[in-house]
Amino acid sequence: MQQIDTAHPYKLIYSIGEHPYLGYLIEPHIVQLNPNGSLSLSYKRVFSNTVDEFADALDETDYKIIKLLDEVEQSNVIKKYHKKPVRPADYFSKIFDDKVRNYIRPRLEKKLLKVLEYIGAKSLYLMSRKDGYPAEQQLQIADQTTSILFHFRRNESETRYFPTLKYDGHRMEFMFKNAEVIINSQAWLLLDNVLYHFDQPLEGKKLAPFLNKRYISVPRSTERKYYETFVTPLIEKYAVYAEGFDIKTLKEDTIPILTLNYVQNGDSHLQLSFQYADFLFSPAAEQKISVKMTYDPDKDLYTFTRVKRSTIWEDNLHTYLTELGLQKQDTLFGRYITNGQAFSNVFEWLSDKHEQLLQKGFVIKQETGDKHFFIGKTTLDIEVVEDNDWFDVRAFANFGPYKIPFVQLRDHILNRIQEFALPNGEIAIIPEEWFAQYEHLFQFAIKKSGLQLNKAHIGILHEISEHTALTMSRKLQNLTNFEEIAAVSPPQDFNGSLRPYQEAGYNWFHFLQEFKFGGVLADDMGLGKTVQTLALLQKQKEELKNTDYAKTSLLVLPTSLVYNWQREANRFAPHLRILTHIGSNRYKDPYAFTHFDLIITTYGIIRSDEDLFSKFFFNYIILDESQNIKNPTSKSFKSIKSLKSRYKLALSGTPIENSVSDIWSQMHFTNPGLLGSYSFFQKEFVTAIEKKKDEHTAKRLQAIIKPFVLRRTKNQVATELPPKTEQIIYCEMDEAQAEIYESTKSEYRNALLEGVVNNSAKGTQIALLQGLTKLRQLANHPKMVDTKYSKDSGKFKAVIEMLQSISSEGNKVLIFSQFVKHLDLFKEYFDKKDIPYAYLDGATKDRARAVQEFKEKEEVRIFLISIKAGGVGLNLTEADYVFILDPWWNPAVEQQAIDRSHRIGQKRNVFIYKFISKDTVEEKIVALQNRKLSIATTLITTEETFVKSLTQDDLRELLR
């Protein structure tokens, strides 16, 4: 061994050499190259910590190989398997013996097998036995695997046993050829400078006796024991050819068995096994055949009967279980657990899939000690009945034939006890999701013996309805659907107009009012909480004018905001009679409040005049900057709680300033009891959210307060929307389509421009409108005019092609047309192709369902909408593509359709594609719209008014 000169060429090679004690090993060496590129006699053994200077000769795989070979080098082996420091000579002469070798060698071979897997076509050599030169002879790894066949020939005196090898279709001569078994645990054979490996697990020791021997002879006197202990397991694993005894292969009826293994306080699992006749197999891959030996003394005949497993059938069962929601925990023993998505444990999975498993032929067994578990369908039926002040929740848990009142599971749910004893003694496992989904149902129930909820806990019902079908009245259904709040007409005597998001806030106030709820308007500062509230107060003044209801409302705020509110009230609601209850000359008699619509005062004065205010019953009590009462032990909070009113509102841009606990007092003011006691709220929510960072608890809190908190940020409404990109897609008409279009256009042009135009103006307009409508339909698809038309439409093909590329990427698309007939053509196509879609036109009875399908179902990526039915009143920000199938006379209507997606709440870029048939009236309509700016600015609303505005030149242009 010499030093390597890195200034001259060198090469990394791998060398197989036989260690006198450890057996065959592989070593990495850097070898200097001669000027002609051949290997010189200069070389260096390298390790992970010495190889970096030769990095240009290595790739990523080399580093992996060298690291593995470090671990099989003699000094590292001694260090790992012998704790005390010792010289190698002493270790091998005094400590190392067959027992140690038999322990160490298989572990070394495991690493060597990995190395051989990595080496592939890299340079591999045989090491010289004389001087240790690493490149004595170049080796190759065989391109293909080798197969082995074991032969047995039994005669009257003995049984001869020997193997034959076959490589590349030819029998391989390996006996008396100086062959060597390099690795035993998974045999590798070195023969004529080629390394051969095998197509199945094979111990090298089954080959070694025959390297220098033709056969092994077993005398009659010992054959029975030999057959039992050696031949039987050999037939199980390998191909065997026999003369003098029989080998029979049987295929029996098969049964898949799924065994439930219960682990108390641990992860229970399912175990798959396969029964073939009298044989039972676990899915261990290597045991594909099981063999039984019998002997007939009369015939002096041994028979080996083997049952051959069907790997295809077993693999199909593995796949079937995976598709049903299981995943392998380990392959060897066939253990399965749930994948943690749809099912949290194997009990839930078994209950849900029980019928399917039985139909598939599975036998279900249990290894559960003295417990016997219920396996079957588990469901929950919930009916909600509305009373005056609470909801009655009538719920039953169904465990197969047993219908259990859900309230009986109360302690189990609250204490997370999964095992529930059924009347027949079986143990039912409560589904994991019930603990999270229904815990608050029991926590907030008014009494332990039944399931009654305060009406303020509508949020809990809404949360439940997201994952459980509730039976409830239509009014209650509307109440839980917070996204669809009815619009309320604005007050008559209100100066100015509300922005769309402010209108939404105003409508939300009335939603709360209808169901006697309080609420917190938590819009960002500067978004107009004051204006929205003044609109509500003005509307109250107008609605309560001729009633006996309490008409006076109270507004409590920080002193600094008094005059701001006065100024805003004078500007927007000048008809409100307002009393500013501040200063030293304040009224002392609450009767004085009856002369005013609104009393404005401060938190400080409320504390001072608590007795005065507590004697009066207000219409609304409104707290501005409501975070002022966030401390439930403060005098301000206690004073405010002493006041009485029909409705309550809180306004704050920062309802949670420092802690989640800030929200409790504000919600307790607006909806008493909503979040339980303060100590309960701290324990149940604040600690979990703030200290444990529990996102699930945060979502549950959000679900409870969602109906009563409305928050919009400046990012949502000030900058409002991401960019939108509009593009016109010009479509060539199909040949047959163009022919029909041109002939129809000629008819109308001749009739209108040669005579009809000079007659009755009204008749002309009607005829012109009919003609233009027919041409526009033909430009879309002639089938809209002639149902017998069987050829293509250029626009239809273009839309379908673009749809395929967009929807394949997971995007959602709104498709608008003013022609229901046009939408029907797409419906027909989608139905034929089994493409899911949502649909909405003027005849659609359940608009909400259509919208919900598109919003909530991932697979529904297309929404067909007629402009008259869906151009306004929809919020469809799930879509980021809008297709306008035909141009409208009024561009504002087009914009309304686009705004179904491009509106507050949309976070992605919106792409609008307008499909125009080339050389048709559609193209000319677009050009006319661009020319006639007055049409766009006056927001023409009908086709008739558009037609009236056209000149003779315009008409000629449209029909040219």
# chains A, B, ... in the order shown; residues from 1 in each chain; ligands from 1
>>> select_by_dssp(residues="range 329-400 of chain A", states="alpha helix (DSSP H)", output="list in words")
Val346, Phe347, Glu348, Trp349, Leu350, Ser351, Asp352, Lys353, His354, Glu355, Gln356, Leu357, Leu358 and Gln359 of chain A
>>> closest_residue(among="A:Asn454, A:Thr368, A:Asn36, A:Ser15", to="Gly676 in chain A", atoms="only C-alpha atoms")
A:Asn454
>>> residues_around(residues="range 584-589 of chain A", least_positions_apart="5", cutoff="10 Å", atoms="only C-alpha atoms", output="count of residues only")
8
>>> residues_around(residues="Leu68 in chain A", least_positions_apart="3", cutoff="8 Å", atoms="only C-alpha atoms", output="PyMOL selection string")
chain A and resi 64-65+71-72+111-112+115
>>> write_last_selection(atoms="N, CA and C atoms", output="PDB file, in the first residue's frame")
ATOM      1  N   LYS A  64     -22.733   6.313   0.569  1.00  0.00           N
ATOM      2  CA  LYS A  64     -23.585   5.380   1.324  1.00  0.00           C
ATOM      3  C   LYS A  64     -22.875   4.031   1.502  1.00  0.00           C
ATOM      4  N   ILE A  65     -22.245   3.555   0.403  1.00  0.00           N
ATOM      5  CA  ILE A  65     -21.573   2.247   0.452  1.00  0.00           C
ATOM      6  C   ILE A  65     -20.413   2.283   1.444  1.00  0.00           C
ATOM      7  N   GLU A  71     -18.730  -0.114   8.858  1.00  0.00           N
ATOM      8  CA  GLU A  71     -19.323  -0.875   9.950  1.00  0.00           C
ATOM      9  C   GLU A  71     -18.916  -2.343   9.934  1.00  0.00           C
ATOM     10  N   VAL A  72     -18.408  -2.843   8.797  1.00  0.00           N
ATOM     11  CA  VAL A  72     -17.989  -4.254   8.751  1.00  0.00           C
ATOM     12  C   VAL A  72     -16.469  -4.394   8.797  1.00  0.00           C
ATOM     13  N   LYS A 111     -25.506  -6.129   6.073  1.00  0.00           N
ATOM     14  CA  LYS A 111     -24.932  -4.898   5.534  1.00  0.00           C
ATOM     15  C   LYS A 111     -24.290  -5.163   4.168  1.00  0.00           C
ATOM     16  N   LEU A 112     -23.640  -6.312   4.025  1.00  0.00           N
ATOM     17  CA  LEU A 112     -22.992  -6.631   2.754  1.00  0.00           C
ATOM     18  C   LEU A 112     -24.027  -6.796   1.631  1.00  0.00           C
ATOM     19  N   VAL A 115     -24.848  -3.471   0.463  1.00  0.00           N
ATOM     20  CA  VAL A 115     -23.738  -2.943  -0.341  1.00  0.00           C
ATOM     21  C   VAL A 115     -23.815  -3.493  -1.772  1.00  0.00           C
TER      22      VAL A 115
END
>>> residues_around(residues="Ala736 in chain A", least_positions_apart="4", cutoff="8 Å", atoms="only C-alpha atoms", output="ChimeraX atom specification")
/A:740,791-792
>>> closest_residue(among="A:Thr379, A:Gln137, A:Gln702, A:Ser661", to="Gly17 in chain A", atoms="only C-alpha atoms")
A:Gln137
>>> residues_around(residues="Tyr91 in chain A", least_positions_apart="5", cutoff="8 Å", atoms="only C-alpha atoms", output="PyMOL selection string")
chain A and resi 78+86+96
>>> atom_distance(atom1="CA of Gln271 in chain A", atom2="CA of Leu357 in chain A")
13.8 Å
>>> closest_residue(among="A:Ala779, A:Leu190, A:Ile578, A:Met293", to="Asp246 in chain A", atoms="only C-alpha atoms")
A:Met293
>>> residues_around(residues="range 546-561 of chain A", least_positions_apart="6", cutoff="6 Å", atoms="only C-alpha atoms", output="PDB file with C-alpha atoms, in the first residue's frame")
ATOM      1  CA  ASP A 597     -84.822  57.482  21.036  1.00  0.00           C
ATOM      2  CA  LEU A 598     -81.233  57.109  22.202  1.00  0.00           C
ATOM      3  CA  ILE A 599     -79.433  57.818  25.464  1.00  0.00           C
ATOM      4  CA  ILE A 600     -75.669  58.265  25.070  1.00  0.00           C
ATOM      5  CA  THR A 601     -73.552  57.906  28.195  1.00  0.00           C
ATOM      6  CA  THR A 602     -70.166  56.654  29.353  1.00  0.00           C
ATOM      7  CA  TYR A 603     -68.893  53.636  31.259  1.00  0.00           C
ATOM      8  CA  PHE A 618     -84.420  49.764  27.263  1.00  0.00           C
ATOM      9  CA  ASN A 619     -85.049  48.582  23.731  1.00  0.00           C
ATOM     10  CA  TYR A 620     -81.329  48.132  22.905  1.00  0.00           C
ATOM     11  CA  ILE A 621     -78.314  48.386  25.156  1.00  0.00           C
ATOM     12  CA  ILE A 622     -75.286  48.956  22.932  1.00  0.00           C
ATOM     13  CA  LEU A 623     -71.706  48.969  24.205  1.00  0.00           C
ATOM     14  CA  ASP A 624     -69.116  50.679  22.031  1.00  0.00           C
TER      15      ASP A 624
END
>>> select_by_dssp(residues="range 543-621 of chain A", states="strand (DSSP E or B)", output="PyMOL selection string")
chain A and resi 553-557+578-580+598-602+617-621
>>> closest_residue(among="A:Phe515, A:Tyr678, A:Trp390, A:Phe152", to="Lys455 in chain A", atoms="only C-alpha atoms")
A:Trp390
>>> closest_residue(among="A:Leu409, A:Val307, A:Ile247, A:Leu126", to="Asn193 in chain A", atoms="only C-alpha atoms")
A:Leu126
>>> atom_distance(atom1="CA of Leu527 in chain A", atom2="CA of Ala569 in chain A")
16.2 Å
>>> closest_residue(among="A:Ala395, A:Val51, A:Leu576, A:Val181", to="His595 in chain A", atoms="only C-alpha atoms")
A:Leu576
